[in-house]
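Enquirer: Pasting in a structure now, in structure tokens, and then I'll have a few things to ask.
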Amino acid sequence: MYKKSYFPKISKVPYSGIDSLKSSLAFHYYNPDEVIGTKKMRDWLNFSVAFWHTFDQQLVDPFGDGTAQRPYSMFKGLDLAKARVEASFEFFDKLGVDYFCFHDRDIAPEGDTLRETNKNLDEIIDMITKYQESSGVKVLWNTANMFSNARFVGGAASSPFADIFAYAGAQVKKGLETAKRVDAANYVFWGGREGYESLLNTDMKREQEHLGHFFSMAADYAKEINYEGQLLLEPKPKEPMTHQYDFDAATTINFLKTYGLDDIYKLNLEGNHANLAGHTYQHEIRVARDAKMLGSLDANQGDKLIGWDIDEFPSNLYGATLTMYEVIKNNGLNEGKGGLNFDAKPRRSSFETNDMFYTHIVGMDTYAAGLRVAYRLVEDEVLDQFINNRYQSFNSGIGASIESGNENLASLEQYVLDRPQSQLIEATESGHLEQIKDTLNHYIVDTLRK
Ligand code: XLS
Ligand code: NI
Ligand code: NI
């Protein structure tokens with residue numbers, strides 16, 4: 001231990017219910033062992049701390065240096081890496097989260113060669129596995145940072161340079177071995193620079209084929225070492241590249257199908273990435289859910305007024321409700337293997353140590369509130385009633401006949417050819433969207449008052 005305590009002024013964050021209106025170091029909605037329907041809150045949510053944002057982030061923005069005040073900033077190199085691990089497990093315990101996520105390079109510094117880098121990584125992983133044993137904290141997922149170092153300027157597995165492709169392969173090999181050692185529930189690939197700036201200098205087809213080949217080599221290696229966690233791809237449309245190959249859920253699913261990998265990989269979906277792709281978070285989750293490829297979630301939000309990936313902690317109750325609606329309808333995330341990872345950082349102006357806690361508290365409470373509301377919406381079949389009603393003409397008559405494949409264009413022509421316009425208008429109904437939104441608002445307010 002470098003320090004006896006990194007957060008001496010903070011005690012375990014309790015659940016205080018909704019008696020006090022002001023935010024304090026307590027949860028208003030997250031009561032981990034309370035059962036909502038079929039599961040405890042903690043098991044619906046599987047909250048996870050993102051090591052990079054919480055312990056590495058200096059809170060820089062594109063125009064300014066870091067502002068973060070952290071209780072381990074006096075350390076350097078491997079000592080700093082170790083102090084961060086110590087601080088992180090104290091943080092997980094006080095906050096009451098069961099999971100965390102990390103990139104290989106967040107937790108240990110690089111050496112001059114991959115061999116040296118791997119040695120540093122192993123030293124920190126030894127430490128992490130000991131803390132895991134004593135605390136019971138688990139790894140939701142780990143991943144490889146293949147975008148920060150200058151060697152990845154043109155991408156990793158989609159790099160135009162074969163030596164860099166080889167390096168990426170070796171790095172992921174170690175990443176999968178690490179996943180096995182820490183018993184990570186998932187292993188994530190976010191293609192930080194897997195994309196391109198311009199077709200004037202890019203062979204897109206060749207790059208995508210390399211990428212497909214890379215993911216199949218990764219799946220083979222996971223199998224070879226008996227790593228049983230779920231492999232996940234994380235879509236994002238842009239940033240840092242102008243065009244990223246895993247643009248959104250639909251594009252990524254299509255990519256996986258093209259390379260025959262759709263039975264092996266699922267998706268890790270992020271709120272801010274959905275917005276950058278021009279979608280809602282709920283849309284992205286629904287696309288993955290419908291394709292049976294919903295793996296895990298990076299729970300953050302963006303700011304539409306800013307327009308880049310700012311990784312805000314979630315605080316939007318409406319969004320969290322609709323996200324949790326999808327999760328409940330999916331009966332959880334990939335049979336409990338997935339979770340809600342706060343891929344989010346404090347604002348640059350929220351630089352105090354206490355803010356590390358407040359940011360997670362608002363995120364956890366927002367999703368806990370969303371879970372409570374969404375469960376009632378599902379239980380009362382509020383949206384199902386509207387939706388089932390809307391499609392009921394497909395349950396019998398011509399609709400049922402269309403769905404069972406008994407009609408063709410000629411028979412449909414027969415059916416409508418002499419129908420007057422007034423009859424066709426009668427066949428439609430209002431979507432009642434405003435009425436549904438009003439109901440949704442009542443559910444949010446009423447549920448959270450209790
Ligand atoms: C970046 C991504 C990244 C991944 C992990 O925008 O969200 O943080 O989740 O590499
Ligand atoms: Ni992101
Ligand atoms: Ni992410």
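Simple scheme: letters A, B, ... for chains in structure tokens order, numbers from 1 for residues in each chain, numbers from 1 for ligands in the order shown.
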Once you count only C-alpha atoms and all ligand atoms, which residues end up within 10 Å of ligand 3, and could you hand them over as a list in words?

Expert: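 Here is the list of contacting residues: Ala50, Val188, Phe189, Trp190, Gly192, Glu234, Pro235, Lys236, Asn268, Leu269, Glu270, Gly271, Asn272, His273, Leu297, Asp298, Ala299, Asn300, Asp309, Asp311, Asn341, Phe342, Asp343 and Ala344 of chain A.
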
Enquirer: Show me, as a list in words, the residues that have an atom within 12 Å of A:Lys223 when counting only C-alpha atoms, minus same-chain residues fewer than 6 positions from it.

Expert: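 Here the qualifying residues turn out to be Lys173, Leu176, Glu177, Lys180, Ser216, Met217, Gly229, Gln230, Leu231 and Ile264 of chain A.
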
Enquirer: Restrict the selected residues to N, CA and C atoms and save them as an mmCIF file, in the first residue's frame.

Expert:
data_model
loop_
_atom_site.group_PDB
_atom_site.id
_atom_site.type_symbol
_atom_site.label_atom_id
_atom_site.label_comp_id
_atom_site.auth_asym_id
_atom_site.auth_seq_id
_atom_site.Cartn_x
_atom_site.Cartn_y
_atom_site.Cartn_z
ATOM 1 N N LYS A 173 -3.662 -10.749 -28.808
ATOM 2 C CA LYS A 173 -3.369 -12.079 -28.226
ATOM 3 C C LYS A 173 -3.173 -11.917 -26.720
ATOM 4 N N LEU A 176 -6.470 -11.066 -24.898
ATOM 5 C CA LEU A 176 -7.358 -12.209 -24.646
ATOM 6 C C LEU A 176 -6.823 -13.069 -23.502
ATOM 7 N N GLU A 177 -5.492 -13.194 -23.460
ATOM 8 C CA GLU A 177 -4.898 -13.944 -22.331
ATOM 9 C C GLU A 177 -5.196 -13.216 -21.022
ATOM 10 N N LYS A 180 -8.709 -13.769 -19.909
ATOM 11 C CA LYS A 180 -8.863 -15.076 -19.260
ATOM 12 C C LYS A 180 -8.349 -15.014 -17.816
ATOM 13 N N SER A 216 -11.588 -12.780 -37.103
ATOM 14 C CA SER A 216 -11.718 -14.241 -37.076
ATOM 15 C C SER A 216 -10.482 -14.864 -36.420
ATOM 16 N N MET A 217 -9.302 -14.256 -36.597
ATOM 17 C CA MET A 217 -8.117 -14.761 -35.876
ATOM 18 C C MET A 217 -8.293 -14.590 -34.364
ATOM 19 N N GLY A 229 -15.438 -15.794 -22.297
ATOM 20 C CA GLY A 229 -16.187 -14.534 -22.262
ATOM 21 C C GLY A 229 -16.776 -14.227 -23.643
ATOM 22 N N GLN A 230 -17.674 -13.263 -23.653
ATOM 23 C CA GLN A 230 -18.328 -12.871 -24.904
ATOM 24 C C GLN A 230 -17.455 -11.860 -25.654
ATOM 25 N N LEU A 231 -17.245 -12.066 -26.947
ATOM 26 C CA LEU A 231 -16.509 -11.081 -27.750
ATOM 27 C C LEU A 231 -17.499 -10.033 -28.261
ATOM 28 N N ILE A 264 -20.519 -15.378 -33.369
ATOM 29 C CA ILE A 264 -19.473 -15.322 -32.344
ATOM 30 C C ILE A 264 -19.477 -13.981 -31.620
#

Enquirer: Which distance in Å separates atom CA of A:Gly77 and atom CA of A:Pro109, to one decimal?

Expert: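 These atoms are spaced 6.6 Å apart.
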
Enquirer: Please return as a ChimeraX atom specification: the residues of stretch 197-413 of chain A that backbone DSSP assigns to strand (DSSP E or B).

Expert: /A:230-233,243-244,265-270,294-298,301,312,340-342

Enquirer: From a DSSP calculation on the backbone, collect every residue of stretch 60-168 of chain A in alpha helix (DSSP H) and output the set as an NGL selection string.

Expert: :A and (77-95 or 104-107 or 114-135 or 162-168)

Enquirer: Can you pull out every residue within 10 Å of A:Thr242, counting only C-alpha atoms, but drop anything in the same chain fewer than 5 positions away, and send it as a PyMOL selection string?

Expert: chain A and resi 193+195-198+237

Enquirer: Would you kindly return, as an MDAnalysis selection string, each protein, DNA or RNA residue with an atom no farther than 9 Å from any atom of stretch 369-382 of chain A, considering only C-alpha atoms and excluding same-chain residues fewer than 2 positions away?

Expert: chainID A and resid 28:30 36:37 41 44:45 317:329 364:367 384:387 436 439:440 443:448

Enquirer: Atom CA of A:Phe102 and atom 7 (O, counted along the ligand's line) of ligand 1, how far apart in Å?

Expert: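 According to the coordinates, atom 7 (O, counted along the ligand's line) of ligand 1 and atom CA of A:Phe102 are separated by 11.5 Å.
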
Enquirer: So that I can see what lies close to A:Arg151, please list as a list of chain:residue names the residues with an atom at most 9 Å from it, counting only C-alpha atoms and leaving out residues fewer than 5 positions away in the same chain.

Expert: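 Skipping anything fewer than 5 positions along the chain leaves A:Met146, A:Ala156, A:Ile164.
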
Enquirer: Emit the selected residues as a short mmCIF file (atom, residue, chain, number, x, y, z; two decimals), in the first residue's frame, including N, CA, C and O atoms.

Expert:
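Heads up, here's the output in result-v6.cif:
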data_model
loop_
_atom_site.label_atom_id
_atom_site.label_comp_id
_atom_site.auth_asym_id
_atom_site.auth_seq_id
_atom_site.Cartn_x
_atom_site.Cartn_y
_atom_site.Cartn_z
N MET A 146 -5.55 0.42 -29.18
CA MET A 146 -4.78 0.36 -30.43
C MET A 146 -5.07 1.61 -31.24
O MET A 146 -5.33 1.55 -32.45
N ALA A 156 -5.16 0.00 -36.87
CA ALA A 156 -4.46 -1.15 -36.31
C ALA A 156 -4.65 -2.33 -37.27
O ALA A 156 -3.83 -2.55 -38.15
N ILE A 164 2.26 -3.15 -38.60
CA ILE A 164 1.33 -2.62 -37.58
C ILE A 164 0.18 -3.61 -37.38
O ILE A 164 -0.26 -3.86 -36.26
#

Enquirer: Which neighbours of A:His360 fall inside 10 Å, counting only C-alpha atoms, when residues of the same chain fewer than 3 positions from it are skipped, and could you give them as number ranges by chain?

Expert: A: 47-49, 54, 95, 97, 313-314, 342, 344-346, 355-357, 363-366

Enquirer: Which is closest to A:Asp56 among A:Arg115, A:Lys337, A:His213, A:Arg84, if we use only C-alpha atoms?

Expert: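 Smallest separation from A:Asp56 among the options: A:Arg84.
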
Enquirer: Go through A:Glu209, A:Asp126, A:Asp112, A:Asp418 and flag the residue nearest A:Pro160, using only C-alpha atoms for the distances.

Expert: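 Closest to A:Pro160 of all the choices is A:Glu209.
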
Enquirer: Measuring atom to atom with only C-alpha atoms and all ligand atoms, identify which of A:Ser148, A:Ser73, A:Ser24, A:Ser159 is nearest to ligand 1.

Expert: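 Answer, going by the shortest atom-to-atom distance: A:Ser148.
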
Enquirer: Considering only C-alpha atoms, state which residue in the set A:Arg105, A:Lys450, A:His53, A:Lys82 is at the smallest distance from A:Gly17.

Expert: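 Distance minimum relative to A:Gly17 lands on A:Lys450.
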
Enquirer: Excluding same-chain residues fewer than 5 positions from A:Ala184, what lies within 7 Å of it counting only C-alpha atoms, as a PyMOL selection string?

Expert: chain A and resi 139-142+179+229

Enquirer: So that I have them on file, write out the residues from the current selection with all heavy atoms, as a tab-separated table (two decimals), in the first residue's frame.

Expert:
chain	number	residue	atom	x	y	z
A	139	VAL	N	-14.35	-8.15	-13.57
A	139	VAL	CA	-14.08	-7.35	-14.77
A	139	VAL	C	-15.24	-7.56	-15.75
A	139	VAL	O	-15.52	-8.68	-16.14
A	139	VAL	CB	-12.73	-7.74	-15.41
A	139	VAL	CG1	-12.53	-7.03	-16.73
A	139	VAL	CG2	-11.58	-7.43	-14.46
A	140	LEU	N	-15.92	-6.46	-16.12
A	140	LEU	CA	-17.00	-6.58	-17.11
A	140	LEU	C	-16.38	-6.84	-18.48
A	140	LEU	O	-16.82	-7.69	-19.22
A	140	LEU	CB	-17.86	-5.32	-17.12
A	140	LEU	CG	-19.09	-5.37	-18.04
A	140	LEU	CD1	-20.10	-6.41	-17.57
A	140	LEU	CD2	-19.75	-4.00	-18.14
A	141	TRP	N	-15.38	-6.05	-18.81
A	141	TRP	CA	-14.59	-6.32	-20.02
A	141	TRP	C	-13.26	-5.60	-19.97
A	141	TRP	O	-13.08	-4.62	-19.27
A	141	TRP	CB	-15.33	-5.98	-21.30
A	141	TRP	CG	-16.02	-4.65	-21.46
A	141	TRP	CD1	-17.35	-4.40	-21.24
A	141	TRP	CD2	-15.47	-3.41	-21.94
A	141	TRP	NE1	-17.63	-3.09	-21.55
A	141	TRP	CE2	-16.51	-2.45	-21.99
A	141	TRP	CE3	-14.20	-3.00	-22.33
A	141	TRP	CZ2	-16.33	-1.12	-22.40
A	141	TRP	CZ3	-14.00	-1.68	-22.75
A	141	TRP	CH2	-15.06	-0.76	-22.78
A	142	ASN	N	-12.33	-6.16	-20.74
A	142	ASN	CA	-11.08	-5.44	-21.00
A	142	ASN	C	-10.96	-5.30	-22.50
A	142	ASN	O	-11.73	-5.87	-23.27
A	142	ASN	CB	-9.87	-6.15	-20.38
A	142	ASN	CG	-9.62	-7.52	-20.96
A	142	ASN	OD1	-10.52	-8.34	-21.07
A	142	ASN	ND2	-8.38	-7.79	-21.34
A	179	ALA	N	-7.78	-11.26	-20.49
A	179	ALA	CA	-9.22	-11.44	-20.22
A	179	ALA	C	-9.44	-12.76	-19.48
A	179	ALA	O	-10.23	-12.85	-18.54
A	179	ALA	CB	-10.00	-11.44	-21.52
A	229	GLY	N	-15.44	-15.79	-22.30
A	229	GLY	CA	-16.19	-14.53	-22.26
A	229	GLY	C	-16.78	-14.23	-23.64
A	229	GLY	O	-16.42	-14.84	-24.65

Enquirer: Choose the residue, out of A:Asp33, A:Glu434, A:Asp248, A:Asp220, that has the smallest atom-to-atom separation from A:Thr280; count only C-alpha atoms.

Expert: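 Distance minimum relative to A:Thr280 lands on A:Asp248.
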
Enquirer: Restricting the calculation to only C-alpha atoms and all ligand atoms, which member of A:Gly96, A:Gly295, A:Pro240, A:Pro420 is positioned closest to ligand 1?

Expert: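 When distances to ligand 1 are compared using only C-alpha atoms and all ligand atoms, the smallest one comes from A:Pro240.
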